[in-house]
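Q: Below is the file model.cif, which contains mmCIF, N, CA and C atoms.
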```cif
data_protein
#
loop_
_atom_site.label_atom_id
_atom_site.label_comp_id
_atom_site.auth_asym_id
_atom_site.auth_seq_id
_atom_site.Cartn_x
_atom_site.Cartn_y
_atom_site.Cartn_z
N MET P 1 -15.29 -4.42 -12.00
CA MET P 1 -14.16 -3.72 -11.44
C MET P 1 -13.10 -3.52 -12.52
N SER P 2 -12.45 -2.43 -12.47
CA SER P 2 -11.40 -2.14 -13.44
C SER P 2 -10.08 -2.77 -12.99
N GLY P 3 -9.14 -2.86 -13.90
CA GLY P 3 -7.86 -3.48 -13.62
C GLY P 3 -6.87 -2.56 -12.94
N LYS P 4 -7.26 -1.31 -12.69
CA LYS P 4 -6.35 -0.36 -12.07
C LYS P 4 -6.27 -0.60 -10.57
N LYS P 5 -5.05 -0.58 -10.06
CA LYS P 5 -4.85 -0.69 -8.61
C LYS P 5 -4.77 0.70 -8.01
N LYS P 6 -5.44 0.88 -6.90
CA LYS P 6 -5.39 2.16 -6.22
C LYS P 6 -4.08 2.27 -5.46
N PRO P 7 -3.35 3.37 -5.61
CA PRO P 7 -2.08 3.50 -4.89
C PRO P 7 -2.33 3.61 -3.40
N PRO P 8 -1.39 3.15 -2.59
CA PRO P 8 -1.58 3.24 -1.14
C PRO P 8 -1.61 4.70 -0.69
N PRO P 9 -2.35 4.99 0.38
CA PRO P 9 -2.41 6.39 0.85
C PRO P 9 -1.06 6.84 1.37
N LYS P 10 -0.82 8.14 1.27
CA LYS P 10 0.44 8.70 1.74
C LYS P 10 0.47 8.69 3.26
N LYS P 11 1.60 8.32 3.82
CA LYS P 11 1.83 8.37 5.25
C LYS P 11 2.85 9.45 5.52
N PHE P 12 2.63 10.22 6.56
CA PHE P 12 3.54 11.28 6.92
C PHE P 12 4.11 11.01 8.31
N TYR P 13 5.42 11.07 8.42
CA TYR P 13 6.10 10.93 9.70
C TYR P 13 7.00 12.13 9.89
N ARG P 14 7.28 12.45 11.14
CA ARG P 14 8.21 13.54 11.42
C ARG P 14 9.60 13.15 10.98
N LYS P 15 10.35 14.12 10.54
CA LYS P 15 11.69 13.86 10.03
C LYS P 15 12.67 13.53 11.14
N ARG P 16 12.54 14.15 12.29
CA ARG P 16 13.54 14.01 13.35
C ARG P 16 13.07 13.11 14.48
N ILE P 17 12.50 11.94 14.17
CA ILE P 17 12.11 11.01 15.22
C ILE P 17 13.23 9.99 15.40
N ASP P 18 13.21 9.33 16.53
CA ASP P 18 14.26 8.35 16.83
C ASP P 18 14.23 7.20 15.84
N LEU P 19 15.40 6.68 15.55
CA LEU P 19 15.54 5.61 14.57
C LEU P 19 14.78 4.36 14.99
N LEU P 20 14.86 4.00 16.26
CA LEU P 20 14.23 2.76 16.70
C LEU P 20 12.72 2.81 16.59
N ARG P 21 12.13 3.96 16.84
CA ARG P 21 10.68 4.10 16.66
C ARG P 21 10.31 3.95 15.19
N LEU P 22 11.11 4.55 14.34
CA LEU P 22 10.82 4.53 12.91
C LEU P 22 10.94 3.13 12.33
N ILE P 23 12.00 2.42 12.64
CA ILE P 23 12.16 1.09 12.07
C ILE P 23 11.21 0.09 12.71
N ASP P 24 10.77 0.37 13.94
CA ASP P 24 9.77 -0.50 14.55
C ASP P 24 8.44 -0.36 13.83
N LYS P 25 8.15 0.80 13.31
CA LYS P 25 6.93 1.04 12.56
C LYS P 25 7.05 0.55 11.12
N ILE P 26 8.14 0.86 10.45
CA ILE P 26 8.29 0.54 9.03
C ILE P 26 8.72 -0.90 8.81
N LYS P 27 9.51 -1.45 9.73
CA LYS P 27 10.02 -2.82 9.66
C LYS P 27 10.92 -3.07 8.45
N LEU P 28 11.71 -2.06 8.08
CA LEU P 28 12.69 -2.19 7.01
C LEU P 28 14.02 -1.63 7.48
N TRP P 29 15.11 -2.24 7.01
CA TRP P 29 16.45 -1.80 7.42
C TRP P 29 17.37 -1.75 6.21
N PRO P 30 18.02 -0.61 5.95
CA PRO P 30 19.00 -0.54 4.85
C PRO P 30 20.38 -0.94 5.35
N SER P 31 20.97 -1.93 4.72
CA SER P 31 22.31 -2.34 5.12
C SER P 31 23.34 -1.37 4.57
N ARG P 32 24.59 -1.54 4.97
CA ARG P 32 25.66 -0.66 4.50
C ARG P 32 25.93 -0.83 3.01
N LYS P 33 25.61 -1.99 2.48
CA LYS P 33 25.81 -2.23 1.06
C LYS P 33 24.64 -1.72 0.23
N GLY P 34 23.61 -1.19 0.88
CA GLY P 34 22.47 -0.65 0.16
C GLY P 34 21.36 -1.65 -0.09
N ILE P 35 21.37 -2.77 0.61
CA ILE P 35 20.34 -3.79 0.45
C ILE P 35 19.28 -3.56 1.52
N LEU P 36 18.02 -3.53 1.11
CA LEU P 36 16.92 -3.29 2.04
C LEU P 36 16.43 -4.63 2.59
N HIS P 37 16.48 -4.76 3.93
CA HIS P 37 16.08 -6.00 4.61
C HIS P 37 14.75 -5.80 5.32
N GLY P 38 14.01 -6.87 5.46
CA GLY P 38 12.80 -6.87 6.28
C GLY P 38 13.16 -7.26 7.70
N ILE P 39 12.56 -6.60 8.69
CA ILE P 39 12.88 -6.84 10.09
C ILE P 39 11.87 -7.81 10.69
N ARG P 40 12.39 -8.85 11.34
CA ARG P 40 11.53 -9.82 12.01
C ARG P 40 11.33 -9.44 13.47
N VAL P 41 12.43 -9.19 14.21
CA VAL P 41 12.36 -8.93 15.65
C VAL P 41 13.24 -7.74 15.99
N ILE P 42 12.72 -6.88 16.87
CA ILE P 42 13.51 -5.78 17.42
C ILE P 42 13.46 -5.90 18.93
N GLU P 43 14.61 -6.16 19.54
CA GLU P 43 14.70 -6.20 21.01
C GLU P 43 15.28 -4.88 21.47
N LYS P 44 14.44 -4.04 22.06
CA LYS P 44 14.89 -2.71 22.46
C LYS P 44 15.52 -2.75 23.83
N HIS P 45 16.64 -2.06 23.93
CA HIS P 45 17.32 -1.84 25.19
C HIS P 45 17.38 -0.34 25.41
N ASP P 46 18.21 0.14 26.29
CA ASP P 46 18.17 1.56 26.66
C ASP P 46 18.43 2.47 25.47
N THR P 47 19.61 2.43 24.89
CA THR P 47 19.93 3.33 23.78
C THR P 47 20.27 2.57 22.49
N TYR P 48 20.03 1.29 22.47
CA TYR P 48 20.31 0.50 21.29
C TYR P 48 19.27 -0.60 21.16
N ALA P 49 19.30 -1.30 20.06
CA ALA P 49 18.39 -2.42 19.83
C ALA P 49 19.14 -3.53 19.12
N ILE P 50 18.71 -4.75 19.39
CA ILE P 50 19.22 -5.91 18.68
C ILE P 50 18.17 -6.25 17.62
N ILE P 51 18.57 -6.17 16.37
CA ILE P 51 17.65 -6.35 15.25
C ILE P 51 17.94 -7.68 14.57
N THR P 52 16.88 -8.44 14.32
CA THR P 52 16.99 -9.69 13.57
C THR P 52 16.15 -9.54 12.30
N THR P 53 16.77 -9.80 11.15
CA THR P 53 16.07 -9.68 9.88
C THR P 53 15.44 -11.02 9.50
N HIS P 54 14.67 -11.03 8.44
CA HIS P 54 14.03 -12.26 7.98
C HIS P 54 15.03 -13.24 7.39
N CYS P 55 16.21 -12.74 7.01
CA CYS P 55 17.25 -13.64 6.49
C CYS P 55 18.20 -14.07 7.62
N ASN P 56 17.76 -13.95 8.88
CA ASN P 56 18.46 -14.42 10.09
C ASN P 56 19.79 -13.72 10.34
N LYS P 57 19.92 -12.47 9.94
CA LYS P 57 21.09 -11.68 10.29
C LYS P 57 20.73 -10.88 11.54
N THR P 58 21.64 -10.87 12.51
CA THR P 58 21.41 -10.17 13.77
C THR P 58 22.52 -9.15 13.97
N PHE P 59 22.15 -7.94 14.40
CA PHE P 59 23.13 -6.89 14.61
C PHE P 59 22.59 -5.87 15.59
N LEU P 60 23.49 -5.01 16.08
CA LEU P 60 23.12 -3.94 17.00
C LEU P 60 22.90 -2.65 16.21
N ALA P 61 21.95 -1.84 16.69
CA ALA P 61 21.71 -0.53 16.08
C ALA P 61 21.53 0.48 17.20
N ASN P 62 22.28 1.56 17.14
CA ASN P 62 22.12 2.64 18.12
C ASN P 62 20.92 3.49 17.77
N ASN P 63 20.30 4.05 18.80
CA ASN P 63 19.14 4.92 18.61
C ASN P 63 19.63 6.32 18.31
N SER P 64 19.69 6.67 17.03
CA SER P 64 20.23 7.95 16.62
C SER P 64 19.34 8.55 15.55
N ARG P 65 19.27 9.88 15.54
CA ARG P 65 18.50 10.57 14.50
C ARG P 65 19.38 10.91 13.31
N ASN P 66 20.69 10.96 13.52
CA ASN P 66 21.62 11.41 12.49
C ASN P 66 22.41 10.29 11.85
N SER P 67 22.14 9.07 12.22
CA SER P 67 22.96 7.96 11.73
C SER P 67 22.75 7.70 10.25
N ARG P 68 23.63 6.91 9.70
CA ARG P 68 23.53 6.54 8.30
C ARG P 68 22.21 5.85 8.02
N ALA P 69 21.83 4.91 8.88
CA ALA P 69 20.59 4.17 8.66
C ALA P 69 19.37 5.08 8.73
N ALA P 70 19.37 6.02 9.67
CA ALA P 70 18.23 6.95 9.79
C ALA P 70 18.11 7.81 8.54
N ARG P 71 19.24 8.29 8.02
CA ARG P 71 19.20 9.10 6.81
C ARG P 71 18.76 8.27 5.60
N TRP P 72 19.24 7.04 5.52
CA TRP P 72 18.88 6.20 4.39
C TRP P 72 17.40 5.82 4.42
N VAL P 73 16.86 5.58 5.62
CA VAL P 73 15.43 5.26 5.72
C VAL P 73 14.60 6.47 5.36
N ARG P 74 14.95 7.65 5.89
CA ARG P 74 14.18 8.87 5.60
C ARG P 74 14.23 9.24 4.13
N ASN P 75 15.40 9.10 3.50
CA ASN P 75 15.56 9.49 2.10
C ASN P 75 15.23 8.36 1.12
N LYS P 76 14.92 7.18 1.67
CA LYS P 76 14.56 5.99 0.89
C LYS P 76 15.66 5.61 -0.09
N TRP P 77 16.89 5.62 0.40
CA TRP P 77 18.04 5.23 -0.41
C TRP P 77 18.31 3.74 -0.23
N PHE P 78 18.23 2.99 -1.28
CA PHE P 78 18.67 1.59 -1.28
C PHE P 78 18.87 1.17 -2.72
N HIS P 79 19.76 0.20 -2.91
CA HIS P 79 20.09 -0.26 -4.26
C HIS P 79 19.17 -1.39 -4.69
N SER P 80 18.92 -2.33 -3.78
CA SER P 80 18.07 -3.47 -4.09
C SER P 80 17.47 -4.02 -2.80
N THR P 81 16.58 -4.97 -2.93
CA THR P 81 15.98 -5.62 -1.76
C THR P 81 16.62 -6.99 -1.57
N CYS P 82 16.60 -7.46 -0.36
CA CYS P 82 17.17 -8.77 -0.02
C CYS P 82 16.25 -9.87 -0.57
N LYS P 83 16.82 -10.77 -1.33
CA LYS P 83 16.04 -11.85 -1.92
C LYS P 83 15.57 -12.84 -0.86
N SER P 84 16.39 -13.10 0.16
CA SER P 84 15.98 -14.06 1.18
C SER P 84 15.00 -13.49 2.19
N CYS P 85 14.94 -12.17 2.33
CA CYS P 85 13.94 -11.57 3.23
C CYS P 85 12.55 -11.60 2.59
N GLY P 86 12.48 -11.51 1.28
CA GLY P 86 11.20 -11.61 0.59
C GLY P 86 10.25 -10.47 0.94
N ILE P 87 10.70 -9.24 0.79
CA ILE P 87 9.84 -8.09 1.09
C ILE P 87 8.75 -8.02 0.01
N PRO P 88 7.47 -8.01 0.42
CA PRO P 88 6.40 -7.99 -0.58
C PRO P 88 6.32 -6.65 -1.31
N ASP P 89 5.74 -6.69 -2.49
CA ASP P 89 5.63 -5.49 -3.32
C ASP P 89 4.77 -4.41 -2.67
N TRP P 90 3.70 -4.84 -1.96
CA TRP P 90 2.82 -3.84 -1.34
C TRP P 90 3.57 -3.05 -0.27
N LYS P 91 4.51 -3.70 0.40
CA LYS P 91 5.28 -3.00 1.44
C LYS P 91 6.24 -1.99 0.80
N LEU P 92 6.85 -2.35 -0.31
CA LEU P 92 7.72 -1.41 -1.01
C LEU P 92 6.94 -0.23 -1.58
N GLU P 93 5.72 -0.50 -2.08
CA GLU P 93 4.88 0.59 -2.58
C GLU P 93 4.48 1.53 -1.45
N LYS P 94 4.11 0.96 -0.32
CA LYS P 94 3.73 1.77 0.84
C LYS P 94 4.91 2.60 1.33
N TYR P 95 6.10 1.99 1.34
CA TYR P 95 7.31 2.70 1.76
C TYR P 95 7.67 3.81 0.78
N SER P 96 7.41 3.59 -0.51
CA SER P 96 7.78 4.60 -1.50
C SER P 96 6.90 5.84 -1.43
N VAL P 97 5.66 5.73 -0.96
CA VAL P 97 4.79 6.91 -0.84
C VAL P 97 4.88 7.56 0.54
N THR P 98 5.62 6.95 1.46
CA THR P 98 5.79 7.53 2.78
C THR P 98 6.63 8.79 2.68
N GLN P 99 6.18 9.85 3.36
CA GLN P 99 6.91 11.11 3.31
C GLN P 99 7.32 11.53 4.72
N PHE P 100 8.47 12.17 4.80
CA PHE P 100 9.01 12.63 6.07
C PHE P 100 9.09 14.14 6.02
N ARG P 101 8.39 14.78 6.93
CA ARG P 101 8.35 16.24 6.98
C ARG P 101 8.81 16.71 8.34
N ARG P 102 9.34 17.92 8.37
CA ARG P 102 9.87 18.45 9.62
C ARG P 102 8.78 18.88 10.60
N HIS P 103 7.74 19.55 10.09
CA HIS P 103 6.71 20.09 10.97
C HIS P 103 5.35 19.43 10.78
N HIS P 104 5.29 18.34 10.07
CA HIS P 104 4.00 17.71 9.78
C HIS P 104 4.16 16.21 9.83
N GLY P 105 3.21 15.52 10.46
CA GLY P 105 3.21 14.07 10.46
C GLY P 105 3.25 13.50 11.85
N SER P 106 3.16 12.20 11.91
CA SER P 106 3.14 11.49 13.18
C SER P 106 4.53 11.44 13.80
N SER P 107 4.57 11.64 15.11
CA SER P 107 5.83 11.53 15.84
C SER P 107 6.02 10.13 16.41
N LEU P 108 5.04 9.26 16.18
CA LEU P 108 5.05 7.89 16.68
C LEU P 108 5.18 7.84 18.19
N LEU P 109 4.57 8.80 18.88
CA LEU P 109 4.65 8.85 20.34
C LEU P 109 3.57 8.01 21.00
N ASN P 110 2.40 7.92 20.41
CA ASN P 110 1.28 7.24 21.05
C ASN P 110 1.19 5.77 20.68
N SER P 111 2.24 5.22 20.15
CA SER P 111 2.22 3.81 19.80
C SER P 111 2.57 2.98 21.02
N ASP P 112 2.42 1.68 20.89
CA ASP P 112 2.76 0.79 21.99
C ASP P 112 4.24 0.45 22.00
N THR P 113 5.02 1.15 21.22
CA THR P 113 6.45 0.89 21.09
C THR P 113 7.26 1.91 21.88
N ASN P 114 6.88 2.19 23.12
CA ASN P 114 7.61 3.16 23.93
C ASN P 114 9.00 2.66 24.25
N MET P 115 9.92 3.57 24.30
CA MET P 115 11.27 3.23 24.69
C MET P 115 11.30 2.97 26.19
N PRO P 116 12.27 2.24 26.72
CA PRO P 116 12.28 1.87 28.13
C PRO P 116 12.29 3.05 29.09
N ASN P 117 12.92 4.16 28.75
CA ASN P 117 13.01 5.27 29.70
C ASN P 117 11.97 6.35 29.43
N GLU P 118 10.94 6.07 28.63
CA GLU P 118 9.90 7.04 28.36
C GLU P 118 8.75 6.82 29.33
N LYS P 119 8.07 7.90 29.69
CA LYS P 119 6.91 7.82 30.55
C LYS P 119 5.66 7.74 29.70
N SER P 120 4.70 6.96 30.16
CA SER P 120 3.45 6.88 29.43
C SER P 120 2.58 8.08 29.78
N ALA P 121 1.46 8.23 29.08
CA ALA P 121 0.57 9.36 29.31
C ALA P 121 -0.05 9.29 30.70
N ASN P 122 -0.32 8.06 31.20
CA ASN P 122 -0.90 7.92 32.54
C ASN P 122 0.09 8.34 33.62
N GLU P 123 1.36 8.03 33.44
CA GLU P 123 2.36 8.43 34.41
C GLU P 123 2.51 9.94 34.45
N ASN P 124 2.47 10.59 33.27
CA ASN P 124 2.56 12.04 33.22
C ASN P 124 1.35 12.69 33.87
N ALA P 125 0.15 12.13 33.67
CA ALA P 125 -1.06 12.70 34.26
C ALA P 125 -1.03 12.57 35.78
N SER P 126 -0.57 11.42 36.29
CA SER P 126 -0.52 11.26 37.75
C SER P 126 0.54 12.17 38.36
N PHE P 127 1.63 12.43 37.63
CA PHE P 127 2.65 13.35 38.11
C PHE P 127 2.10 14.77 38.19
N LYS P 128 1.32 15.17 37.18
CA LYS P 128 0.75 16.51 37.17
C LYS P 128 -0.27 16.69 38.28
N LYS P 129 -1.01 15.64 38.62
CA LYS P 129 -1.98 15.73 39.72
C LYS P 129 -1.26 15.86 41.05
N ALA P 130 -0.19 15.12 41.23
CA ALA P 130 0.54 15.15 42.50
C ALA P 130 1.31 16.45 42.66
N PHE P 131 1.88 16.98 41.57
CA PHE P 131 2.68 18.19 41.63
C PHE P 131 2.18 19.17 40.55
N PRO P 132 1.09 19.90 40.82
CA PRO P 132 0.52 20.76 39.78
C PRO P 132 1.42 21.96 39.46
N PHE P 133 2.32 22.33 40.37
CA PHE P 133 3.16 23.50 40.13
C PHE P 133 4.43 23.15 39.39
N GLU P 134 4.76 21.87 39.23
CA GLU P 134 5.96 21.43 38.53
C GLU P 134 5.65 21.20 37.05
N GLN P 135 6.61 21.40 36.21
CA GLN P 135 6.47 21.08 34.79
C GLN P 135 7.06 19.71 34.53
N ALA P 136 6.30 18.84 33.86
CA ALA P 136 6.79 17.49 33.57
C ALA P 136 7.63 17.48 32.33
#
```
How does this structure look as structure tokens?

A:
Amino acid sequence: MSGKKKPPPKKFYRKRIDLLRLIDKIKLWPSRKGILHGIRVIEKHDTYAIITTHCNKTFLANNSRNSRAARWVRNKWFHSTCKSCGIPDWKLEKYSVTQFRRHHGSSLLNSDTNMPNEKSANENASFKKAFPFEQA
């Protein structure tokens, strides 16, 4: 085997997805000072989440597409990583090749991380069977 490491495959996500879905998938959070933290627990509520990092910092985050954190995650802006969170190098490499496109990529809709007020695919199918003339 050669000493070359194969770069991680590119991941594509939609640019305008909700912040909570995105950070639940990526598990990284940029602080206001520009430090990238690893996320341990996300407790989702209706329009916000309580986030706990690996360095035991807890804070609230609103579910927004236009927020500072959403822009920083999409544009991959951060100054340094948190030393106490201990983000592994493979995760930073994977995050660096992740791309956000407007019309291409995963919308993170079919994951098990549904928001509390979202309907699952089974609920939508049963609604369509009961009311075929209505649009869901």

Q: Exactly which residues make up the result of the PyMOL selection byres (((chain P and resi 27 and name CA) around 8) and name CA) on this file, given as a PyMOL selection string?

A: chain P and resi 23-26+28-29+38-40

Q: Let me know the residues the PyMOL selection byres ((chain P and resi 74-79) around 7) catches in the file above, as a short mmCIF file (atom, residue, chain, number, x, y, z; two decimals) with N, CA and C atoms, keeping the file's coordinate frame.

A:
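part00.cif was written with the following content:
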```
data_model
loop_
_atom_site.label_atom_id
_atom_site.label_comp_id
_atom_site.auth_asym_id
_atom_site.auth_seq_id
_atom_site.Cartn_x
_atom_site.Cartn_y
_atom_site.Cartn_z
N PRO P 30 18.02 -0.61 5.95
CA PRO P 30 19.00 -0.54 4.85
C PRO P 30 20.38 -0.94 5.35
N LYS P 33 25.61 -1.99 2.48
CA LYS P 33 25.81 -2.23 1.06
C LYS P 33 24.64 -1.72 0.23
N GLY P 34 23.61 -1.19 0.88
CA GLY P 34 22.47 -0.65 0.16
C GLY P 34 21.36 -1.65 -0.09
N ILE P 35 21.37 -2.77 0.61
CA ILE P 35 20.34 -3.79 0.45
C ILE P 35 19.28 -3.56 1.52
N LEU P 36 18.02 -3.53 1.11
CA LEU P 36 16.92 -3.29 2.04
C LEU P 36 16.43 -4.63 2.59
N ALA P 69 21.83 4.91 8.88
CA ALA P 69 20.59 4.17 8.66
C ALA P 69 19.37 5.08 8.73
N ALA P 70 19.37 6.02 9.67
CA ALA P 70 18.23 6.95 9.79
C ALA P 70 18.11 7.81 8.54
N ARG P 71 19.24 8.29 8.02
CA ARG P 71 19.20 9.10 6.81
C ARG P 71 18.76 8.27 5.60
N TRP P 72 19.24 7.04 5.52
CA TRP P 72 18.88 6.20 4.39
C TRP P 72 17.40 5.82 4.42
N VAL P 73 16.86 5.58 5.62
CA VAL P 73 15.43 5.26 5.72
C VAL P 73 14.60 6.47 5.36
N SER P 80 18.92 -2.33 -3.78
CA SER P 80 18.07 -3.47 -4.09
C SER P 80 17.47 -4.02 -2.80
N THR P 81 16.58 -4.97 -2.93
CA THR P 81 15.98 -5.62 -1.76
C THR P 81 16.62 -6.99 -1.57
N PHE P 100 8.47 12.17 4.80
CA PHE P 100 9.01 12.63 6.07
C PHE P 100 9.09 14.14 6.02
#
```

Q: May I ask for the distance between CA of Pro8 (chain P) and CA of His54 (chain P), given in Å to one decimal place?

A: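 Pair CA of Pro8 (chain P) / CA of His54 (chain P) returns 23.8 Å.
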
Q: Could you tell me how far CA of Lys57 (chain P) lies from atom C of Val97 (chain P), in Å and to one decimal?

A: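 Atom C of Val97 (chain P) lies 27.0 Å from CA of Lys57 (chain P).
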
Q: Could you tell me how far CA of Arg68 (chain P) lies from CA of Trp90 (chain P), in Å and to one decimal?

A: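 Those two atoms sit 25.1 Å apart.
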
Q: Which residues in region 24-95 of chain P does DSSP call alpha helix (DSSP H)? List them as a ChimeraX atom specification.

A: /P:24-26,68-75,89-95

Q: Closest to Thr47 (chain P) among P:Ser64, P:Lys10, P:Ser31, P:Lys83, using all atoms listed in the file?

A: P:Ser64

Q: Tell me which protein, DNA and RNA residues are within 6 Å of Ile42 (chain P), counting only N, CA and C atoms, leaving out same-chain ones fewer than 3 positions away, and put them as an NGL selection string.

A: :P and (50-52)

Q: Need the shell around Pro9 (chain P): protein/DNA/RNA residues with any atom at most 8 Å away, counting all atoms listed in the file. Skip same-chain ones fewer than 6 positions apart. Format as number ranges by chain?

A: P: 93-94, 97-98

Q: Given the choices P:Thr53, P:Leu19, P:Cys85, P:Lys5, which gets closest to Ser67 (chain P) if the distance is worked out from only N, CA and C atoms?

A: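 Using only N, CA and C atoms, Ser67 (chain P) sits closest to P:Leu19.
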
Q: In region 19-102 of chain P, what's strand (DSSP E) per DSSP? Answer as a ChimeraX atom specification?

A: /P:28-30,35-44,48-53,58-62,80-81,99-101
